[in-house]
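Text of the file work_8.cif, holding mmCIF, C-alpha atoms and all ligand atoms:
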data_query
loop_
_atom_site.label_atom_id
_atom_site.label_comp_id
_atom_site.auth_asym_id
_atom_site.auth_seq_id
_atom_site.Cartn_x
_atom_site.Cartn_y
_atom_site.Cartn_z
CA MET X 21 6.05 -4.32 40.77
CA THR X 22 3.02 -2.58 39.35
CA ASN X 23 2.11 -2.37 35.70
CA GLY X 24 3.05 1.30 35.83
CA ASP X 25 6.59 0.31 36.74
CA LEU X 26 6.58 -2.14 33.86
CA LEU X 27 5.66 0.58 31.46
CA LEU X 28 8.15 3.01 32.92
CA LYS X 29 10.90 0.46 32.50
CA ASN X 30 10.21 0.46 28.77
CA ILE X 31 10.69 4.17 28.36
CA GLU X 32 14.17 5.32 27.56
CA GLU X 33 15.42 8.54 29.05
CA SER X 34 14.85 11.52 26.84
CA ASP X 35 14.69 15.27 26.86
CA TYR X 36 11.57 17.26 27.49
CA PHE X 37 8.36 15.70 26.25
CA PRO X 38 5.03 17.57 26.42
CA LEU X 39 3.19 16.31 29.47
CA ASN X 40 -0.44 16.54 28.44
CA PHE X 41 -2.53 16.42 25.30
CA ASP X 42 -2.96 20.18 24.86
CA GLU X 43 0.78 20.79 25.19
CA LEU X 44 1.52 17.96 22.79
CA GLU X 45 -0.97 19.22 20.21
CA LEU X 46 0.55 22.69 20.38
CA ALA X 47 4.11 21.38 20.11
CA VAL X 48 3.27 19.28 17.05
CA LYS X 49 1.91 22.33 15.26
CA ASP X 50 5.50 23.52 14.87
CA LYS X 51 6.79 20.10 13.83
CA ILE X 52 4.69 19.23 10.80
CA ASP X 53 3.03 21.11 7.93
CA ILE X 54 -0.39 22.63 8.32
CA GLY X 55 -1.96 20.08 5.92
CA PRO X 56 -1.11 16.94 7.93
CA TYR X 57 -1.47 18.76 11.24
CA SER X 58 -5.02 19.88 10.46
CA TYR X 59 -5.85 16.47 9.03
CA VAL X 60 -5.04 14.87 12.38
CA ARG X 61 -6.38 17.59 14.68
CA SER X 62 -9.63 18.58 13.06
CA GLY X 63 -13.14 17.26 13.31
CA ALA X 64 -15.90 17.29 10.73
CA GLY X 65 -18.09 20.32 10.01
CA GLY X 66 -18.15 22.99 12.71
CA GLU X 67 -16.35 20.56 15.08
CA GLU X 68 -19.31 20.37 17.45
CA THR X 69 -18.67 16.67 18.05
CA LEU X 70 -14.94 17.14 18.51
CA ARG X 71 -15.67 19.65 21.32
CA ASN X 72 -18.50 17.57 22.79
CA ASN X 73 -16.31 14.49 23.05
CA ARG X 74 -14.08 16.34 25.50
CA GLN X 75 -16.83 18.22 27.32
CA ALA X 76 -18.68 14.96 27.95
CA PHE X 77 -15.85 13.80 30.24
CA GLU X 78 -16.06 16.96 32.32
CA LYS X 79 -19.76 16.37 32.98
CA TYR X 80 -18.88 13.35 35.14
CA ALA X 81 -17.39 13.58 38.62
CA ILE X 82 -15.75 10.70 40.43
CA VAL X 83 -16.95 9.83 43.93
CA PRO X 84 -13.92 8.05 45.43
CA ARG X 85 -13.80 5.45 48.17
CA PHE X 86 -10.99 5.46 50.71
CA LEU X 87 -9.33 3.09 53.20
CA ASN X 88 -9.13 0.34 50.61
CA ASP X 89 -5.40 -0.57 50.60
CA VAL X 90 -4.31 0.47 47.14
CA SER X 91 -0.66 -0.47 47.60
CA THR X 92 -0.91 -2.97 44.74
CA ILE X 93 -2.68 -1.97 41.56
CA ASP X 94 -3.69 -4.46 38.90
CA THR X 95 -4.79 -2.78 35.65
CA SER X 96 -4.97 -5.96 33.60
CA ILE X 97 -7.97 -6.95 31.51
CA LYS X 98 -8.96 -9.95 29.43
CA LEU X 99 -10.01 -9.68 25.79
CA PHE X 100 -10.89 -12.71 23.68
CA GLY X 101 -9.18 -15.04 26.12
CA LYS X 102 -5.92 -13.09 26.35
CA THR X 103 -4.76 -11.08 29.34
CA HIS X 104 -3.35 -7.61 28.71
CA PRO X 105 -1.54 -5.55 31.37
CA THR X 106 -3.51 -2.37 30.69
CA PRO X 107 -7.05 -1.55 29.52
CA LEU X 108 -5.63 0.49 26.62
CA LEU X 109 -5.52 -0.18 22.88
CA PHE X 110 -4.12 1.70 19.92
CA ALA X 111 -7.11 2.88 17.84
CA PRO X 112 -6.84 2.28 14.10
CA VAL X 113 -5.42 5.45 12.58
CA GLY X 114 -4.51 5.46 8.91
CA MET X 115 -1.83 7.20 6.90
CA ASN X 116 0.73 7.52 9.69
CA LYS X 117 3.44 8.58 7.25
CA ILE X 118 1.89 12.04 7.24
CA ALA X 119 3.14 12.37 10.82
CA HIS X 120 6.51 10.61 10.56
CA GLU X 121 8.48 8.76 7.89
CA ASP X 122 8.47 5.53 9.98
CA GLY X 123 4.67 5.75 10.23
CA GLU X 124 2.90 2.65 11.55
CA ARG X 125 6.19 0.77 11.87
CA ALA X 126 7.23 3.05 14.71
CA VAL X 127 3.77 2.86 16.27
CA ILE X 128 3.59 -0.94 16.33
CA ARG X 129 7.13 -1.11 17.77
CA ALA X 130 6.03 1.19 20.58
CA ALA X 131 2.80 -0.75 21.08
CA SER X 132 4.75 -3.97 21.30
CA LYS X 133 7.19 -2.58 23.88
CA LEU X 134 4.30 -1.25 25.95
CA ASP X 135 2.39 -4.53 25.54
CA ILE X 136 -0.72 -2.68 24.35
CA PRO X 137 -2.76 -4.26 21.52
CA TYR X 138 -2.44 -2.55 18.16
CA ILE X 139 -5.24 -2.10 15.61
CA GLN X 140 -3.96 -1.51 12.10
CA SER X 141 -6.01 0.62 9.71
CA THR X 142 -6.97 -0.47 6.20
CA VAL X 143 -5.56 2.83 4.96
CA ALA X 144 -2.17 2.44 6.64
CA SER X 145 0.96 3.69 4.93
CA TYR X 146 2.60 0.26 5.39
CA SER X 147 1.06 -3.11 4.61
CA MET X 148 -0.21 -5.56 7.21
CA GLU X 149 2.57 -8.02 6.27
CA GLU X 150 5.21 -5.34 6.87
CA LEU X 151 3.73 -4.54 10.28
CA ALA X 152 3.42 -8.20 11.20
CA ALA X 153 7.13 -8.58 10.41
CA GLU X 154 7.89 -5.56 12.61
CA ALA X 155 6.13 -7.07 15.66
CA PRO X 156 5.45 -10.75 14.92
CA ASN X 157 4.47 -11.75 18.45
CA HIS X 158 2.49 -8.71 19.41
CA THR X 159 -1.33 -8.70 19.68
CA LYS X 160 -2.65 -6.99 16.58
CA TRP X 161 -6.10 -6.61 15.07
CA PHE X 162 -6.97 -5.51 11.56
CA GLN X 163 -9.42 -2.66 10.97
CA LEU X 164 -11.41 -3.20 7.80
CA TYR X 165 -12.96 -0.51 5.69
CA TRP X 166 -15.54 -2.30 3.63
CA SER X 167 -14.76 -2.19 -0.07
CA SER X 168 -17.21 -1.49 -2.88
CA ASN X 169 -15.47 -4.45 -4.56
CA GLU X 170 -16.30 -6.96 -1.83
CA GLU X 171 -13.63 -9.36 -2.99
CA VAL X 172 -11.00 -6.77 -2.00
CA ALA X 173 -12.46 -6.68 1.52
CA TYR X 174 -12.38 -10.49 1.78
CA SER X 175 -8.88 -10.61 0.36
CA MET X 176 -7.66 -8.24 3.06
CA VAL X 177 -9.37 -10.30 5.76
CA GLU X 178 -7.69 -13.45 4.46
CA ARG X 179 -4.31 -11.72 4.39
CA ALA X 180 -4.82 -10.46 7.94
CA GLU X 181 -5.56 -14.00 9.13
CA LYS X 182 -2.42 -15.30 7.42
CA ALA X 183 -0.28 -12.49 8.81
CA GLY X 184 -1.26 -13.33 12.40
CA PHE X 185 -3.81 -10.63 13.14
CA GLU X 186 -6.18 -11.81 15.86
CA ALA X 187 -9.42 -9.93 15.19
CA ILE X 188 -11.20 -7.99 12.45
CA VAL X 189 -12.59 -4.56 13.32
CA LEU X 190 -15.17 -3.47 10.75
CA THR X 191 -15.63 0.31 10.84
CA ILE X 192 -19.26 1.14 10.13
CA ASP X 193 -19.35 4.94 10.40
CA THR X 194 -17.33 5.80 7.28
CA VAL X 195 -19.62 4.85 4.40
CA THR X 196 -18.47 8.16 2.94
CA LEU X 197 -15.92 10.71 4.08
CA GLY X 198 -17.01 13.28 6.69
CA TRP X 199 -17.32 16.96 5.74
CA ARG X 200 -13.80 18.05 6.67
CA GLU X 201 -13.50 21.78 6.07
CA HIS X 202 -9.84 22.13 7.02
CA ASP X 203 -8.77 19.48 4.55
CA ILE X 204 -10.86 21.06 1.81
CA ARG X 205 -9.37 24.48 2.58
CA ASN X 206 -5.83 23.10 2.75
CA GLN X 207 -6.44 20.90 -0.28
CA PHE X 208 -4.86 18.09 1.72
CA SER X 209 -5.75 14.49 0.91
CA PRO X 210 -3.38 11.81 2.25
CA LEU X 211 -5.06 9.37 -0.09
CA LEU X 212 -4.20 11.36 -3.22
CA LYS X 213 -0.63 11.71 -1.95
CA GLY X 214 -0.26 7.94 -1.66
CA PHE X 215 0.01 7.78 2.16
CA ALA X 216 -2.86 5.29 2.40
CA SER X 217 -1.61 2.76 -0.12
CA GLY X 218 0.21 0.15 2.03
CA ASN X 219 -2.56 -2.46 2.06
CA TYR X 220 -3.75 -1.75 -1.49
CA LYS X 221 -0.56 -1.98 -3.49
CA SER X 222 0.13 -5.30 -1.75
CA ASP X 223 -3.33 -6.72 -2.42
CA PRO X 224 -3.50 -9.14 -5.36
CA VAL X 225 -7.27 -8.79 -5.86
CA PHE X 226 -7.16 -4.98 -5.82
CA MET X 227 -4.14 -4.84 -8.12
CA ALA X 228 -5.59 -7.35 -10.60
CA ALA X 229 -8.71 -5.21 -10.99
CA LEU X 230 -6.78 -2.04 -11.96
CA LYS X 231 -7.46 -0.81 -15.47
CA ASP X 232 -3.79 0.06 -16.06
CA ASP X 233 -0.60 0.53 -14.02
CA SER X 234 -0.68 4.33 -13.80
CA VAL X 235 -0.72 6.21 -10.49
CA GLU X 236 -4.00 7.81 -11.56
CA ALA X 237 -5.67 4.43 -12.10
CA PHE X 238 -4.45 3.28 -8.66
CA VAL X 239 -5.79 6.33 -6.82
CA GLU X 240 -9.04 6.30 -8.76
CA ALA X 241 -9.61 2.63 -7.88
CA GLN X 242 -8.72 3.21 -4.24
CA ILE X 243 -11.25 6.02 -3.95
CA ALA X 244 -13.87 3.98 -5.77
CA ASN X 245 -13.29 1.08 -3.37
CA ILE X 246 -12.99 2.91 -0.11
CA TYR X 247 -16.46 4.50 0.12
CA HIS X 248 -19.18 1.94 0.53
CA PRO X 249 -22.64 3.47 1.16
CA GLN X 250 -24.22 0.10 0.39
CA LEU X 251 -22.86 -1.48 3.61
CA ASN X 252 -25.61 -3.19 5.62
CA TRP X 253 -26.24 -6.01 8.11
CA ALA X 254 -26.20 -8.68 5.37
CA HIS X 255 -22.51 -7.81 4.74
CA VAL X 256 -21.80 -8.09 8.46
CA CYS X 257 -23.38 -11.56 8.60
CA GLU X 258 -21.47 -12.67 5.50
CA LEU X 259 -18.18 -11.35 6.93
CA LYS X 260 -18.83 -13.34 10.10
CA LYS X 261 -19.20 -16.49 8.00
CA ARG X 262 -16.04 -15.83 6.00
CA THR X 263 -13.59 -15.54 8.90
CA GLN X 264 -12.66 -17.58 11.92
CA LEU X 265 -11.41 -14.47 13.72
CA PRO X 266 -13.52 -12.50 16.19
CA VAL X 267 -15.31 -9.62 14.41
CA LEU X 268 -15.89 -6.28 16.12
CA LEU X 269 -18.01 -3.38 14.83
CA LYS X 270 -16.47 0.06 15.32
CA GLY X 271 -18.72 3.10 15.44
CA ILE X 272 -21.73 1.83 17.40
CA LEU X 273 -23.57 4.66 19.19
CA HIS X 274 -27.18 3.40 19.44
CA PRO X 275 -28.11 0.63 21.91
CA GLU X 276 -30.39 -0.88 19.28
CA ASP X 277 -27.41 -1.32 16.92
CA ALA X 278 -25.53 -2.99 19.76
CA ARG X 279 -28.44 -5.42 20.15
CA LEU X 280 -28.47 -6.14 16.41
CA ALA X 281 -24.72 -6.69 16.48
CA ILE X 282 -25.09 -9.33 19.17
CA GLU X 283 -27.93 -10.96 17.22
CA ALA X 284 -25.64 -11.08 14.17
CA GLY X 285 -23.07 -12.97 16.24
CA ILE X 286 -20.61 -10.08 16.49
CA ASP X 287 -17.86 -10.66 19.05
CA GLY X 288 -17.26 -7.11 20.28
CA ILE X 289 -18.18 -3.50 19.63
CA ILE X 290 -16.35 -0.22 19.71
CA VAL X 291 -18.40 2.74 20.90
CA SER X 292 -16.91 5.57 18.88
CA ASN X 293 -17.79 8.60 16.80
CA HIS X 294 -14.47 8.43 14.97
CA GLY X 295 -13.00 11.19 17.11
CA GLY X 296 -15.60 13.65 15.77
CA ARG X 297 -14.34 13.21 12.20
CA GLN X 298 -17.40 11.75 10.54
CA LEU X 299 -20.94 12.94 11.35
CA ASP X 300 -20.74 16.34 13.04
CA GLY X 301 -23.42 17.08 15.64
CA VAL X 302 -23.53 13.42 16.64
CA ILE X 303 -23.80 12.31 20.28
CA ALA X 304 -20.53 12.49 22.26
CA SER X 305 -19.04 9.03 22.36
CA LEU X 306 -19.00 9.04 26.19
CA ASP X 307 -22.67 10.05 26.34
CA ALA X 308 -23.51 7.04 24.16
CA LEU X 309 -21.53 4.59 26.29
CA PRO X 310 -23.76 3.90 29.34
CA ALA X 311 -26.86 2.93 27.34
CA VAL X 312 -24.85 0.74 24.97
CA ALA X 313 -23.05 -0.96 27.87
CA GLN X 314 -26.38 -1.55 29.58
CA GLU X 315 -27.82 -3.13 26.44
CA VAL X 316 -24.77 -5.37 25.98
CA ALA X 317 -24.84 -6.36 29.66
CA GLY X 318 -21.39 -7.95 29.62
CA ARG X 319 -22.16 -10.41 26.81
CA ILE X 320 -19.36 -9.10 24.55
CA PRO X 321 -16.52 -6.58 25.10
CA VAL X 322 -17.48 -2.92 24.74
CA ILE X 323 -14.43 -0.93 23.75
CA PHE X 324 -14.62 2.85 23.88
CA ASP X 325 -12.87 5.63 21.96
CA SER X 326 -13.08 9.33 21.07
CA GLY X 327 -11.61 11.97 23.34
CA VAL X 328 -9.57 9.80 25.73
CA TYR X 329 -6.62 12.10 26.32
CA ARG X 330 -5.98 11.71 30.05
CA GLY X 331 -5.71 9.00 32.65
CA ILE X 332 -8.91 10.14 34.35
CA ASP X 333 -10.72 9.79 31.01
CA VAL X 334 -9.74 6.12 30.98
CA LEU X 335 -11.00 5.80 34.54
CA LYS X 336 -14.34 7.45 33.73
CA ALA X 337 -14.92 5.40 30.56
CA LEU X 338 -14.30 2.13 32.41
CA ALA X 339 -16.57 3.21 35.28
CA LEU X 340 -19.29 3.95 32.71
CA GLY X 341 -19.14 0.45 31.27
CA ALA X 342 -16.20 0.19 28.85
CA THR X 343 -14.20 -3.03 28.86
CA ALA X 344 -11.17 -1.20 27.43
CA VAL X 345 -10.43 2.13 25.74
CA ALA X 346 -8.70 2.95 22.48
CA ILE X 347 -6.46 5.98 22.04
CA GLY X 348 -6.25 7.90 18.76
CA ARG X 349 -4.79 11.38 18.35
CA PRO X 350 -2.46 11.31 21.37
CA PHE X 351 -0.27 8.62 19.83
CA VAL X 352 -0.32 10.28 16.40
CA TYR X 353 0.95 13.49 17.96
CA GLY X 354 3.56 11.52 19.90
CA LEU X 355 4.67 9.98 16.61
CA ALA X 356 4.90 13.38 14.92
CA TYR X 357 6.82 14.80 17.86
CA ALA X 358 9.41 12.09 18.41
CA GLY X 359 8.74 8.90 16.40
CA GLU X 360 8.58 5.63 18.31
CA LEU X 361 9.76 7.22 21.55
CA GLY X 362 7.11 9.93 21.23
CA VAL X 363 4.38 7.31 20.84
CA LYS X 364 5.59 5.60 24.00
CA ARG X 365 5.79 8.81 25.97
CA ALA X 366 2.31 10.00 24.96
CA ILE X 367 0.75 6.69 26.00
CA GLN X 368 2.87 6.39 29.12
CA ASN X 369 1.65 9.77 30.37
CA ILE X 370 -1.97 8.68 29.97
CA TYR X 371 -1.31 5.34 31.63
CA ASN X 372 0.60 6.77 34.56
CA GLU X 373 -2.09 9.32 35.32
CA PHE X 374 -4.62 6.49 35.09
CA GLU X 375 -2.74 4.42 37.63
CA VAL X 376 -2.36 7.31 40.05
CA SER X 377 -6.08 8.06 39.63
CA MET X 378 -7.05 4.48 40.42
CA LYS X 379 -5.17 4.67 43.69
CA LEU X 380 -6.69 8.03 44.59
CA ALA X 381 -10.18 6.79 43.72
CA GLY X 382 -9.66 3.81 46.04
CA VAL X 383 -9.79 1.01 43.49
CA SER X 384 -7.02 -1.52 43.03
CA ASN X 385 -8.26 -3.51 40.04
CA ILE X 386 -10.50 -3.13 37.01
CA ALA X 387 -13.39 -5.09 38.52
CA ALA X 388 -13.47 -2.63 41.43
CA LEU X 389 -13.11 0.29 39.05
CA ARG X 390 -16.21 -0.80 37.16
CA LYS X 391 -18.20 -0.32 40.39
CA LEU X 392 -16.77 3.16 41.02
CA HIS X 393 -19.51 5.74 41.46
CA LEU X 394 -19.66 8.67 39.03
CA VAL X 395 -22.20 11.48 39.26
CA LYS X 396 -23.30 13.62 36.34
CA LYS X 397 -22.79 17.28 37.20
C1 LIG I 1 -8.70 8.06 12.57
N1 LIG I 1 -9.65 7.07 12.85
C2 LIG I 1 -9.76 5.98 12.01
N2 LIG I 1 -10.66 4.99 12.31
C3 LIG I 1 -10.75 3.89 11.52
O1 LIG I 1 -11.56 3.01 11.81
N3 LIG I 1 -9.91 3.75 10.44
C4 LIG I 1 -9.00 4.69 10.09
O2 LIG I 1 -8.27 4.54 9.13
C5 LIG I 1 -8.94 5.87 10.88
N4 LIG I 1 -8.07 6.87 10.57
C6 LIG I 1 -7.92 7.95 11.40
C7 LIG I 1 -6.98 8.93 11.09
C8 LIG I 1 -6.77 9.99 11.98
C9 LIG I 1 -5.73 11.01 11.66
C10 LIG I 1 -7.51 10.07 13.18
C11 LIG I 1 -7.27 11.16 14.19
C12 LIG I 1 -8.47 9.12 13.46
C13 LIG I 1 -10.48 7.15 14.07
C14 LIG I 1 -9.79 6.46 15.24
O3 LIG I 1 -9.76 5.07 15.10
C15 LIG I 1 -10.52 6.76 16.56
O4 LIG I 1 -11.87 6.43 16.44
C16 LIG I 1 -10.39 8.21 16.98
O5 LIG I 1 -9.11 8.72 16.70
C17 LIG I 1 -10.66 8.33 18.46
O6 LIG I 1 -10.70 9.64 18.84
P1 LIG I 1 -9.45 10.43 19.49
O7 LIG I 1 -8.80 9.51 20.48
O8 LIG I 1 -8.55 10.78 18.35
O9 LIG I 1 -10.14 11.61 20.07
#
Please render this file's structure as structure tokens.
Amino acid sequence: MTNGDLLLKNIEESDYFPLNFDELELAVKDKIDIGPYSYVRSGAGGEETLRNNRQAFEKYAIVPRFLNDVSTIDTSIKLFGKTHPTPLLFAPVGMNKIAHEDGERAVIRAASKLDIPYIQSTVASYSMEELAAEAPNHTKWFQLYWSSNEEVAYSMVERAEKAGFEAIVLTIDTVTLGWREHDIRNQFSPLLKGFASGNYKSDPVFMAALKDDSVEAFVEAQIANIYHPQLNWAHVCELKKRTQLPVLLKGILHPEDARLAIEAGIDGIIVSNHGGRQLDGVIASLDALPAVAQEVAGRIPVIFDSGVYRGIDVLKALALGATAVAIGRPFVYGLAYAGELGVKRAIQNIYNEFEVSMKLAGVSNIAALRKLHLVKK
């Protein structure tokens, strides 16, 4: 039985589900309000990066090999000593309650059934302890937004360790919020609406520092904590000392930063431009990948995200040097469309196309896929 069959077995029968990303995005537009919809869909500024992330994939063409016996496909990978059946991960996406009442609870249930590692965001609607209880045995990592009150950051790391999270992902590209015109126009802030409070209202250090117990004081403190322009390599080194867990940096785009990360003892990096939501006009994540992968030279895992919406995108990212890929918007749309089942279906469609594409490209495992030849058009 192939991994694809394994995944299929986990998917219950259901009515029509949009087959690809564009259809899903369109369908979700009718399901949720314009505020949350635009919050998920949009990119920063004029959305140059959002467009480039997709166009970058189309610049690469696969040169397949044939006559390779692809009757058995193995899509498994190893990360930090653990084997996973697919090279996919759930990217950290905050505030999932804007898409569906069950929010991250539904997502981690789906992730667990699909056996795909889950990365929880700092700004999740539910706390890390709640999610750990939802999927106690599933592989989960905690994404950390640095906090201007550093003790809040360390408190969250400690809680994540206790709750059974297996890695810390420090996001480095969000020292301040990107220029998001749709959200400004729609006057939509999930933070102000309380959708990002799960890990804050449950944090003893954060709560003890509040000036009073009003909603206003809570939101004010959350905003004051969440943006952290002071973040620098000294914090990264200190974080490494304070936790036993592997630490990954999310948002690396320059090979030189990858080199510095390795020098600082970092255990993995995520090549990402935050799905085009932070600095507009920045290099497409896929265009940044080959040089970063070359610099890293296999010493630590190089995870990739931003614009992975199809199975062939997964294939191309792995062929260009990614160890694994993380998926963002597709699962959020799946969640908005049909809750837990929608998350599963959105990911299953990507995975199944990936598996078919591996066979058609003539590669039967990930090691062979990494040697697949791509040409830039
Ligand atoms: C994100 N992303 C994100 N990243 C992060 O480190 N912490 C977070 O809380 C969030 N929150 C978030 C919310 C929403 C609505 C989106 C769409 C994205 C970025 C995310 O982890 C990932 O980098 C991108 O989503 C990848 O791009 P695609 O797959 O959405 O194109």
Could you list, as a list in words, all residues that come within 7 Å of ligand LIG 1 (chain I)? Count all atoms listed in the file. Tyr59, Val60, Arg61, Ala111, Pro112, Val113, Gly114, Met115, Ser141, Thr142, Val143, Ala144, Gln163, Thr191, Lys270, Ser292, Asn293, His294, Gly295, Asp325, Ser326, Gly327, Val328, Tyr329, Ala346, Ile347, Gly348, Arg349 and Pro350 of chain X
Between X:Phe215, X:Phe86, X:Trp253, X:Phe226, smallest distance to Gly123 (chain X) by all atoms listed in the file belongs to X:Phe215
For Arg319 (chain X), which residue out of X:Ala254, X:Phe100, X:Ala119, X:Tyr247 is the nearest one, using all atoms listed in the file?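 Of all the options, X:Phe100 lies closest to Arg319 (chain X).
When only C-alpha atoms are used to compute distances to Arg125 (chain X), the closest of the residues X:Leu39, X:Gly218, X:His202, X:Ser168 turns out to be X:Gly218.
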Thr159 (chain X): which residues within 7 Å, counting all atoms listed in the file, same-chain residues fewer than 5 positions away excluded, as a PyMOL selection string? chain X and resi 137-138+186
X:Ile367, X:Leu389, X:Ser209, X:Asn219: which is nearest Gly354 (chain X), counting only C-alpha atoms?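 Closest to Gly354 (chain X), using only C-alpha atoms: X:Ile367.
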From X:Ala126, X:Ile246, X:Leu197, X:Val267, residue lying nearest Phe185 (chain X) [all atoms listed in the file]: X:Val267
Show me as a list in words the residues that reach within 12 Å of (-16.8, 15.7, 34.1), counting all atoms listed in the file and using the file's own coordinates.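 Checking each residue against the 12 Å limit leaves Asn72, Asn73, Arg74, Gln75, Ala76, Phe77, Glu78, Lys79, Tyr80, Ala81, Ile82, Val83, Leu306, Asp307, Ile332, Asp333, Leu335, Lys336, Ala337, Leu394, Val395, Lys396 and Lys397 of chain X.
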Mind pulling up the distance from CA of Ser222 (chain X) to CA of Glu150 (chain X)? 10.0 Å
Could I get region 275-291 of chain X rebuilt with N, CA, C and O atoms, written as a PDB file, in the coordinates of the input?
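Written file, part-v7.pdb:
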ATOM      1  N   PRO X 275     -27.968   1.933  21.255  1.00  0.00           N
ATOM      2  CA  PRO X 275     -28.110   0.630  21.910  1.00  0.00           C
ATOM      3  C   PRO X 275     -28.780  -0.412  21.021  1.00  0.00           C
ATOM      4  O   PRO X 275     -28.455  -1.597  21.088  1.00  0.00           O
ATOM      5  N   GLU X 276     -29.693   0.044  20.176  1.00  0.00           N
ATOM      6  CA  GLU X 276     -30.390  -0.880  19.280  1.00  0.00           C
ATOM      7  C   GLU X 276     -29.405  -1.526  18.286  1.00  0.00           C
ATOM      8  O   GLU X 276     -29.513  -2.710  17.966  1.00  0.00           O
ATOM      9  N   ASP X 277     -28.419  -0.749  17.818  1.00  0.00           N
ATOM     10  CA  ASP X 277     -27.410  -1.320  16.920  1.00  0.00           C
ATOM     11  C   ASP X 277     -26.516  -2.316  17.670  1.00  0.00           C
ATOM     12  O   ASP X 277     -26.043  -3.303  17.089  1.00  0.00           O
ATOM     13  N   ALA X 278     -26.302  -2.041  18.948  1.00  0.00           N
ATOM     14  CA  ALA X 278     -25.530  -2.990  19.760  1.00  0.00           C
ATOM     15  C   ALA X 278     -26.290  -4.310  19.870  1.00  0.00           C
ATOM     16  O   ALA X 278     -25.722  -5.405  19.753  1.00  0.00           O
ATOM     17  N   ARG X 279     -27.611  -4.201  20.051  1.00  0.00           N
ATOM     18  CA  ARG X 279     -28.440  -5.420  20.150  1.00  0.00           C
ATOM     19  C   ARG X 279     -28.399  -6.205  18.841  1.00  0.00           C
ATOM     20  O   ARG X 279     -28.203  -7.419  18.831  1.00  0.00           O
ATOM     21  N   LEU X 280     -28.514  -5.469  17.719  1.00  0.00           N
ATOM     22  CA  LEU X 280     -28.470  -6.140  16.410  1.00  0.00           C
ATOM     23  C   LEU X 280     -27.112  -6.800  16.169  1.00  0.00           C
ATOM     24  O   LEU X 280     -27.027  -7.875  15.574  1.00  0.00           O
ATOM     25  N   ALA X 281     -26.070  -6.136  16.640  1.00  0.00           N
ATOM     26  CA  ALA X 281     -24.720  -6.690  16.480  1.00  0.00           C
ATOM     27  C   ALA X 281     -24.618  -8.034  17.205  1.00  0.00           C
ATOM     28  O   ALA X 281     -24.092  -9.013  16.656  1.00  0.00           O
ATOM     29  N   ILE X 282     -25.140  -8.074  18.403  1.00  0.00           N
ATOM     30  CA  ILE X 282     -25.090  -9.330  19.170  1.00  0.00           C
ATOM     31  C   ILE X 282     -25.929 -10.397  18.459  1.00  0.00           C
ATOM     32  O   ILE X 282     -25.505 -11.548  18.315  1.00  0.00           O
ATOM     33  N   GLU X 283     -27.081 -10.000  17.967  1.00  0.00           N
ATOM     34  CA  GLU X 283     -27.930 -10.960  17.220  1.00  0.00           C
ATOM     35  C   GLU X 283     -27.216 -11.505  15.990  1.00  0.00           C
ATOM     36  O   GLU X 283     -27.406 -12.649  15.604  1.00  0.00           O
ATOM     37  N   ALA X 284     -26.367 -10.651  15.374  1.00  0.00           N
ATOM     38  CA  ALA X 284     -25.640 -11.080  14.170  1.00  0.00           C
ATOM     39  C   ALA X 284     -24.395 -11.903  14.527  1.00  0.00           C
ATOM     40  O   ALA X 284     -23.619 -12.268  13.643  1.00  0.00           O
ATOM     41  N   GLY X 285     -24.190 -12.130  15.812  1.00  0.00           N
ATOM     42  CA  GLY X 285     -23.070 -12.970  16.240  1.00  0.00           C
ATOM     43  C   GLY X 285     -21.748 -12.230  16.351  1.00  0.00           C
ATOM     44  O   GLY X 285     -20.668 -12.846  16.419  1.00  0.00           O
ATOM     45  N   ILE X 286     -21.820 -10.897  16.379  1.00  0.00           N
ATOM     46  CA  ILE X 286     -20.610 -10.080  16.490  1.00  0.00           C
ATOM     47  C   ILE X 286     -19.945 -10.296  17.851  1.00  0.00           C
ATOM     48  O   ILE X 286     -20.618 -10.478  18.872  1.00  0.00           O
ATOM     49  N   ASP X 287     -18.615 -10.264  17.860  1.00  0.00           N
ATOM     50  CA  ASP X 287     -17.860 -10.660  19.050  1.00  0.00           C
ATOM     51  C   ASP X 287     -17.493  -9.491  19.966  1.00  0.00           C
ATOM     52  O   ASP X 287     -17.048  -9.701  21.090  1.00  0.00           O
ATOM     53  N   GLY X 288     -17.591  -8.267  19.447  1.00  0.00           N
ATOM     54  CA  GLY X 288     -17.260  -7.110  20.280  1.00  0.00           C
ATOM     55  C   GLY X 288     -17.671  -5.842  19.555  1.00  0.00           C
ATOM     56  O   GLY X 288     -17.828  -5.848  18.332  1.00  0.00           O
ATOM     57  N   ILE X 289     -17.858  -4.758  20.310  1.00  0.00           N
ATOM     58  CA  ILE X 289     -18.180  -3.500  19.630  1.00  0.00           C
ATOM     59  C   ILE X 289     -17.272  -2.387  20.131  1.00  0.00           C
ATOM     60  O   ILE X 289     -16.724  -2.468  21.239  1.00  0.00           O
ATOM     61  N   ILE X 290     -17.104  -1.406  19.298  1.00  0.00           N
ATOM     62  CA  ILE X 290     -16.350  -0.220  19.710  1.00  0.00           C
ATOM     63  C   ILE X 290     -17.300   0.977  19.648  1.00  0.00           C
ATOM     64  O   ILE X 290     -17.804   1.331  18.577  1.00  0.00           O
ATOM     65  N   VAL X 291     -17.586   1.530  20.824  1.00  0.00           N
ATOM     66  CA  VAL X 291     -18.400   2.740  20.900  1.00  0.00           C
ATOM     67  C   VAL X 291     -17.489   3.896  20.521  1.00  0.00           C
ATOM     68  O   VAL X 291     -16.484   4.157  21.185  1.00  0.00           O
TER      69      VAL X 291
END
